[in-house]
Each structure stands twice: as structure tokens, then as C-alpha cells.
Amino acid sequence: MDAKRGRIGSALLAAWRGLVVSFAALAGSCTLFSLALVSMAMIPLGIGLVTTPYILEAVRKHANQRRLLAITWSDVRIPVPYRPFPKDLRSGFTGQVERTTLMLKDPATWRDMRWMLVDMTAGYTVAILAAALLLYPVEGVVLAAGLWRVFTDDRYWYAFVPVDSQATGLMAAALGVVIFAAGVLLSEQLLRTHFVLARSVLAPTQEQELALRIDRLTETRHEAVDTAASELRRIERDLHDGAQARLVAMGMNLGTVEALIEKDPAQAKRLLAMARESSAEALTELRDLVRGIHPPVLAERGLGDAVKALALRLPIACDVDVELGGRAEAPVESAAYFAISEALTNAAKHSGADRIWVDLRHSDGSLRFTVTDDGKGGASVGAGSGLSGIERRLGTFDGIMAVSSPAGGPTMVTMEIPCELS
């Protein structure tokens, strides 16, 4: 019984999501496709040079939102293949012309256009069917409950059943039950089919994906080198300002103790006590420094227990669900640990949440971890945000991150790193 209720609940959720996606396909894709076509047609007049970058940017946000829904709702990963803009892009009208040229030369732009055309037709049909299979049966039940009396003089067709009496109303209800059962079985698959269809149009070819991956790995390699250099400078600074300074002070105190141990034993004892405190503080700082480089619990007990230890130190209640059948390589575990740590820190500091959930699992050759909070939402990936640092850290391992954080919450940060477990 519980399994049936769970199956029906999942189907109803898929139907609701299909309704949301079908509305986005019909309203969003139709509108943006039309605006993009008009804007591109007006490029020779000069007006399109100003409007096209903004409209194509809106198209990309629309496509990226569908990518986010695909990975979070149906576990369908759709790559983001847009070429980055050069850092020396000029401002003003000249910059607009350059942006227009770059976006029109990007093959991903034309894939977005083809996808919107498919989305408003086949994509809409599949998504609305996922909802209709569970909504249409309601009409059959209402007809059997008495609405058939309205159609005694002029029969009403419910699918292929002509309704004009109580008997035909019951036939409509029976057909509705059959349709509902089909919806319970098929709604989730139909929703997934919608996203698979989107992936077939939006995803780049193997050659394009390989070129994008080479560019991305080149960029992330430079970022990794810069990050490593910055981390070394931080370690050097922490050692110089913390443990090293305390050890130097302890050495000076011990030198003074040697001079005073016979002349002033009481003062020597006080200096020895200070030296002992300095050594304890230096040891604590060294342990904290080592924990910041590679936490001992991560090395000894693995990623799952290390994340649970992180959760215990948070000022907010945090639930951790771990499903791992082994351990990833040490660099991958370290990257995942610090990415989760940063996401938890952001949630604790900025979200205003009462509870946080962490889900950590491995499937389909990827380590996936999700951090969700019930806070105020509004989180975004931008310059200077902690999420940008997480994205750079994951990019070193060809990982990805998706953020869903509408105003009012909740916030869900989904991260994924390709790897195998030992």
C-alpha cells in the first residue's frame, strides 16, 4: 500500500512538473524564438545590433533553466556549451557589435534556436501529455457523478465514449481510471523523455564537446595553478604569523629561563608556564592548518564521515544522507569535501535557514552531492561569491555545479564530479 501511494505521489509530482515545463515551452520558447528571429532580421538596420545580445542572453538563461530542471527533476545532464566572451571585450555600441558577432558565430546559439522550435512543438506535446494523463481522468469521474445530465439532449464525447446517460457516464469514469493508471505508469517517463529530447537538440556534437572540454580544461588548469599558488601563500602567511611567531616567542622565553633558573626560580617557573601555553597554542594552530589542507577525518574515514563531522560543527541543524559503495581518489574526495564545506558555510551565514540537507551519492560514473536549505533563497553564481569559488574548484576535475535558488527559497546547490569508486 505504501509503495502504491509512493508511486502515485511520484506520478502526480511528475504531472505537475510536466504542466510547469509545458507552460515554459509554450510561453517562453514561443516568445523568445519570435523575438530572436525579429531581432536578427533587424540587424541590417542597426537596431538588431543593440537588441540581439540581450535577447540571445535571455534565450541562454531560458535554456540553462531547462538544463537545471533536467538534472534536478529527471537526472538528465545537458552540457552547457557556450563559448566564453573574451575579457577585453569593449563597451558601448562597439562592444554590442562584438557581442552580437560572437554570439551569432557560436554554434550553441543556433542549437538554442532549433531547440526552442522543437520545445514549442514536440517538447510541449510530451510534457503536457505527462500532465494530461493524470488530469483528464477527473473529467470522466465528474461526468459519472452527474454532469452527464447536462448532455442528455446533445451527447458529449469523452475520448471515444459518447456520454448521454448514467451508464455512459460510468463508462467514461471507467475509461478515466484506465487513463489514470496509464498516467501513474508513464508520467515520470514522459517527463524524462521531454528532457532527453531537449538534450538531443541542445547537446553539442562529439567534436564540439571535445573542443569545449579542451578549452575548459586549459582554463581550469590555469585556475588550479593560481589557486595552488594562492594556497601556498596562505599557508606560508599562517605559519609566519601564527605558529612560527609563537615558537620564536617560546624560544626566547626558554632562553630567559636558562638565565633566571638559578637567580629567580619563581620568575623562571612563570616563563616556563608561558612557554608551555605557547607550545600548546602553536600545536593547535598547526593542527588547524593541517585540517585546512587535508582533514585527518577525510583521510582516515572517507568523505561520508568527513561530511557528517562538518555537519556536527554547524550552528544549524543538518541532515546528511550518504550512499557510497567505496572511496574516490584522494584529490576528488578533497575537492568534494571543500566544495560541500563552502556550500554549508554559505548556507549557514547567508541563507537564514532553519535546516540544511546534504545528499551524497555515486551513480552513473559520477560523484553527486547536493546541499539544500530552507532559507530565503536568492543565491547566485557571480563574481566574488563563494559559489564561484566552488565552481572553479569543481572545474579542475571536469565537474559541474547547478544552483536553484528562487526568491523565498529553498536553495539547492547540486554538484557533480566524474569519477570511479574503489
# chains A, B, ... in the order shown; residues from 1 in each chain; ligands from 1

call {"tool": "residues_around", "arguments": {"residues": "A:Arg301", "least_positions_apart": "6", "cutoff": "12 Å", "atoms": "only C-alpha atoms", "output": "count of residues only"}}
result
8

call {"tool": "closest_residue", "arguments": {"among": "A:Arg155, A:Leu190, A:Leu254, A:Arg77", "to": "A:Gly399", "atoms": "only C-alpha atoms"}}
result
A:Arg77

call {"tool": "atom_distance", "arguments": {"atom1": "atom CA of A:Gln166", "atom2": "atom CA of A:Leu129"}}
result
28.1 Å

call {"tool": "select_by_dssp", "arguments": {"residues": "stretch 48-81 of chain A", "states": "alpha helix (DSSP H)", "output": "ChimeraX atom specification"}}
result
/A:48-73

call {"tool": "write_last_selection", "arguments": {"atoms": "N, CA and C atoms", "output": "short mmCIF file (atom, residue, chain, number, x, y, z; two decimals), in the first residue's frame"}}
result
data_model
loop_
_atom_site.label_atom_id
_atom_site.label_comp_id
_atom_site.auth_asym_id
_atom_site.auth_seq_id
_atom_site.Cartn_x
_atom_site.Cartn_y
_atom_site.Cartn_z
N GLY A 48 18.98 45.69 -34.59
CA GLY A 48 19.26 44.35 -34.09
C GLY A 48 20.61 44.22 -33.42
N LEU A 49 21.56 45.10 -33.78
CA LEU A 49 22.88 45.05 -33.14
C LEU A 49 22.78 45.38 -31.66
N VAL A 50 21.78 46.17 -31.31
CA VAL A 50 21.59 46.56 -29.90
C VAL A 50 20.74 45.53 -29.17
N THR A 51 19.69 45.05 -29.83
CA THR A 51 18.73 44.17 -29.14
C THR A 51 19.15 42.71 -29.12
N THR A 52 19.86 42.26 -30.15
CA THR A 52 20.15 40.82 -30.27
C THR A 52 20.93 40.25 -29.09
N PRO A 53 22.00 40.90 -28.59
CA PRO A 53 22.72 40.32 -27.44
C PRO A 53 21.83 40.11 -26.23
N TYR A 54 20.93 41.06 -25.96
CA TYR A 54 20.07 40.92 -24.79
C TYR A 54 19.06 39.79 -24.97
N ILE A 55 18.50 39.68 -26.16
CA ILE A 55 17.52 38.63 -26.41
C ILE A 55 18.19 37.25 -26.38
N LEU A 56 19.38 37.14 -27.01
CA LEU A 56 20.07 35.85 -27.00
C LEU A 56 20.54 35.49 -25.60
N GLU A 57 20.86 36.49 -24.79
CA GLU A 57 21.20 36.21 -23.39
C GLU A 57 19.99 35.66 -22.65
N ALA A 58 18.81 36.21 -22.94
CA ALA A 58 17.59 35.68 -22.34
C ALA A 58 17.31 34.26 -22.83
N VAL A 59 17.61 33.99 -24.09
CA VAL A 59 17.45 32.64 -24.63
C VAL A 59 18.36 31.67 -23.88
N ARG A 60 19.59 32.09 -23.63
CA ARG A 60 20.53 31.22 -22.92
C ARG A 60 20.07 30.96 -21.49
N LYS A 61 19.54 31.98 -20.83
CA LYS A 61 19.02 31.77 -19.48
C LYS A 61 17.84 30.80 -19.50
N HIS A 62 17.00 30.94 -20.52
CA HIS A 62 15.86 30.03 -20.67
C HIS A 62 16.34 28.60 -20.87
N ALA A 63 17.33 28.41 -21.73
CA ALA A 63 17.88 27.07 -21.97
C ALA A 63 18.58 26.53 -20.72
N ASN A 64 19.31 27.39 -20.03
CA ASN A 64 20.00 26.93 -18.81
C ASN A 64 19.02 26.55 -17.71
N GLN A 65 17.89 27.25 -17.65
CA GLN A 65 16.87 26.87 -16.68
C GLN A 65 16.33 25.47 -16.98
N ARG A 66 16.18 25.17 -18.26
CA ARG A 66 15.71 23.84 -18.64
C ARG A 66 16.79 22.80 -18.33
N ARG A 67 18.06 23.15 -18.50
CA ARG A 67 19.15 22.24 -18.12
C ARG A 67 19.11 21.94 -16.63
N LEU A 68 18.84 22.98 -15.84
CA LEU A 68 18.77 22.81 -14.39
C LEU A 68 17.61 21.90 -14.01
N LEU A 69 16.45 22.10 -14.62
CA LEU A 69 15.30 21.26 -14.33
C LEU A 69 15.57 19.81 -14.77
N ALA A 70 16.28 19.66 -15.86
CA ALA A 70 16.58 18.31 -16.37
C ALA A 70 17.42 17.52 -15.38
N ILE A 71 18.43 18.15 -14.81
CA ILE A 71 19.33 17.43 -13.90
C ILE A 71 18.69 17.22 -12.53
N THR A 72 17.85 18.17 -12.08
CA THR A 72 17.27 18.07 -10.75
C THR A 72 15.97 17.27 -10.74
N TRP A 73 15.24 17.27 -11.84
CA TRP A 73 13.94 16.58 -11.86
C TRP A 73 14.02 15.19 -12.47
#

call {"tool": "atom_distance", "arguments": {"atom1": "atom CA of A:Thr121", "atom2": "atom CA of A:Val178"}}
result
26.5 Å

call {"tool": "residues_around", "arguments": {"residues": "A:Leu117", "least_positions_apart": "2", "cutoff": "8 Å", "atoms": "only C-alpha atoms", "output": "list in words"}}
result
Ser29, Cys30, Phe33, Met113, Arg114, Trp115, Asp119, Met120 and Thr121 of chain A

call {"tool": "write_last_selection", "arguments": {"atoms": "C-alpha atoms", "output": "PDB file, in the first residue's frame"}}
result
ATOM      1  CA  SER A  29      10.108  29.263 -26.137  1.00  0.00           C
ATOM      2  CA  CYS A  30       7.449  30.730 -28.446  1.00  0.00           C
ATOM      3  CA  PHE A  33      12.012  32.352 -30.600  1.00  0.00           C
ATOM      4  CA  MET A 113      17.129  28.285 -31.769  1.00  0.00           C
ATOM      5  CA  ARG A 114      16.494  24.750 -33.038  1.00  0.00           C
ATOM      6  CA  TRP A 115      15.713  23.598 -29.512  1.00  0.00           C
ATOM      7  CA  ASP A 119      10.419  22.657 -27.484  1.00  0.00           C
ATOM      8  CA  MET A 120       7.273  24.512 -28.523  1.00  0.00           C
ATOM      9  CA  THR A 121       6.099  21.554 -30.614  1.00  0.00           C
TER      10      THR A 121
END

call {"tool": "closest_residue", "arguments": {"among": "A:Ala182, A:Ala379, A:Ala25, A:Val201", "to": "A:Gly408", "atoms": "only C-alpha atoms"}}
result
A:Ala379

call {"tool": "select_by_dssp", "arguments": {"residues": "stretch 70-161 of chain A", "states": "strand (DSSP E)", "output": "number ranges by chain"}}
result
A: 156-158, 161

call {"tool": "residues_around", "arguments": {"residues": "A:Asp305", "least_positions_apart": "3", "cutoff": "12 Å", "atoms": "only C-alpha atoms", "output": "list in words"}}
result
Pro295, Pro296, Val297, Leu298, Ala299, Glu300, Arg301, Gly302, Lys308, Ala309, Leu310, Ala311, Leu312, Val320, Asp321, Val322, Glu323, Leu324, Arg327, Glu333, Tyr337 and Leu360 of chain A

call {"tool": "write_last_selection", "arguments": {"atoms": "N, CA and C atoms", "output": "PDB file, in the first residue's frame"}}
result
ATOM      1  N   PRO A 295      41.838  17.379   5.913  1.00  0.00           N
ATOM      2  CA  PRO A 295      41.365  16.972   7.245  1.00  0.00           C
ATOM      3  C   PRO A 295      41.698  15.514   7.551  1.00  0.00           C
ATOM      4  N   PRO A 296      42.188  15.237   8.737  1.00  0.00           N
ATOM      5  CA  PRO A 296      42.527  13.849   9.102  1.00  0.00           C
ATOM      6  C   PRO A 296      41.344  12.899   8.988  1.00  0.00           C
ATOM      7  N   VAL A 297      40.131  13.369   9.363  1.00  0.00           N
ATOM      8  CA  VAL A 297      38.967  12.501   9.295  1.00  0.00           C
ATOM      9  C   VAL A 297      38.655  12.108   7.856  1.00  0.00           C
ATOM     10  N   LEU A 298      38.985  12.988   6.906  1.00  0.00           N
ATOM     11  CA  LEU A 298      38.781  12.672   5.496  1.00  0.00           C
ATOM     12  C   LEU A 298      39.741  11.579   5.050  1.00  0.00           C
ATOM     13  N   ALA A 299      40.993  11.689   5.478  1.00  0.00           N
ATOM     14  CA  ALA A 299      41.997  10.697   5.090  1.00  0.00           C
ATOM     15  C   ALA A 299      41.738   9.354   5.761  1.00  0.00           C
ATOM     16  N   GLU A 300      41.269   9.386   7.015  1.00  0.00           N
ATOM     17  CA  GLU A 300      41.141   8.152   7.780  1.00  0.00           C
ATOM     18  C   GLU A 300      39.809   7.440   7.551  1.00  0.00           C
ATOM     19  N   ARG A 301      38.700   8.214   7.440  1.00  0.00           N
ATOM     20  CA  ARG A 301      37.373   7.589   7.432  1.00  0.00           C
ATOM     21  C   ARG A 301      36.577   7.839   6.164  1.00  0.00           C
ATOM     22  N   GLY A 302      37.087   8.649   5.257  1.00  0.00           N
ATOM     23  CA  GLY A 302      36.407   8.838   3.987  1.00  0.00           C
ATOM     24  C   GLY A 302      35.502  10.050   3.942  1.00  0.00           C
ATOM     25  N   LYS A 308      29.772  14.289   7.562  1.00  0.00           N
ATOM     26  CA  LYS A 308      28.971  14.208   8.791  1.00  0.00           C
ATOM     27  C   LYS A 308      29.633  14.988   9.927  1.00  0.00           C
ATOM     28  N   ALA A 309      30.979  14.932   9.987  1.00  0.00           N
ATOM     29  CA  ALA A 309      31.692  15.720  11.006  1.00  0.00           C
ATOM     30  C   ALA A 309      31.519  17.208  10.754  1.00  0.00           C
ATOM     31  N   LEU A 310      31.523  17.617   9.485  1.00  0.00           N
ATOM     32  CA  LEU A 310      31.251  19.019   9.154  1.00  0.00           C
ATOM     33  C   LEU A 310      29.877  19.438   9.652  1.00  0.00           C
ATOM     34  N   ALA A 311      28.880  18.576   9.416  1.00  0.00           N
ATOM     35  CA  ALA A 311      27.505  18.907   9.790  1.00  0.00           C
ATOM     36  C   ALA A 311      27.358  19.102  11.297  1.00  0.00           C
ATOM     37  N   LEU A 312      28.110  18.324  12.072  1.00  0.00           N
ATOM     38  CA  LEU A 312      28.018  18.436  13.532  1.00  0.00           C
ATOM     39  C   LEU A 312      28.539  19.768  14.044  1.00  0.00           C
ATOM     40  N   VAL A 320      22.455  14.571   6.962  1.00  0.00           N
ATOM     41  CA  VAL A 320      23.372  14.080   5.934  1.00  0.00           C
ATOM     42  C   VAL A 320      22.961  12.668   5.530  1.00  0.00           C
ATOM     43  N   ASP A 321      22.745  12.480   4.228  1.00  0.00           N
ATOM     44  CA  ASP A 321      22.397  11.163   3.687  1.00  0.00           C
ATOM     45  C   ASP A 321      23.505  10.741   2.729  1.00  0.00           C
ATOM     46  N   VAL A 322      24.174   9.625   3.041  1.00  0.00           N
ATOM     47  CA  VAL A 322      25.333   9.176   2.270  1.00  0.00           C
ATOM     48  C   VAL A 322      25.061   7.787   1.709  1.00  0.00           C
ATOM     49  N   GLU A 323      25.280   7.637   0.404  1.00  0.00           N
ATOM     50  CA  GLU A 323      25.202   6.320  -0.246  1.00  0.00           C
ATOM     51  C   GLU A 323      26.409   6.170  -1.163  1.00  0.00           C
ATOM     52  N   LEU A 324      27.497   5.655  -0.605  1.00  0.00           N
ATOM     53  CA  LEU A 324      28.730   5.453  -1.360  1.00  0.00           C
ATOM     54  C   LEU A 324      29.174   4.006  -1.195  1.00  0.00           C
ATOM     55  N   ARG A 327      35.450   4.414  -2.082  1.00  0.00           N
ATOM     56  CA  ARG A 327      36.096   5.703  -1.934  1.00  0.00           C
ATOM     57  C   ARG A 327      36.642   6.172  -3.268  1.00  0.00           C
ATOM     58  N   GLU A 333      38.092  13.388  -3.492  1.00  0.00           N
ATOM     59  CA  GLU A 333      37.473  13.488  -2.169  1.00  0.00           C
ATOM     60  C   GLU A 333      37.741  14.837  -1.535  1.00  0.00           C
ATOM     61  N   TYR A 337      34.934  17.503  -0.573  1.00  0.00           N
ATOM     62  CA  TYR A 337      34.825  17.897   0.834  1.00  0.00           C
ATOM     63  C   TYR A 337      34.810  19.420   0.975  1.00  0.00           C
ATOM     64  N   LEU A 360      24.645  12.821  -0.552  1.00  0.00           N
ATOM     65  CA  LEU A 360      25.918  12.438  -1.165  1.00  0.00           C
ATOM     66  C   LEU A 360      25.813  11.015  -1.676  1.00  0.00           C
TER      67      LEU A 360
END

call {"tool": "closest_residue", "arguments": {"among": "A:Leu394, A:Val163, A:Leu344, A:Ala24", "to": "A:Phe151", "atoms": "only C-alpha atoms"}}
result
A:Val163

call {"tool": "closest_residue", "arguments": {"among": "A:Ile356, A:Val371, A:Met274, A:Leu175", "to": "A:Met250", "atoms": "only C-alpha atoms"}}
result
A:Met274
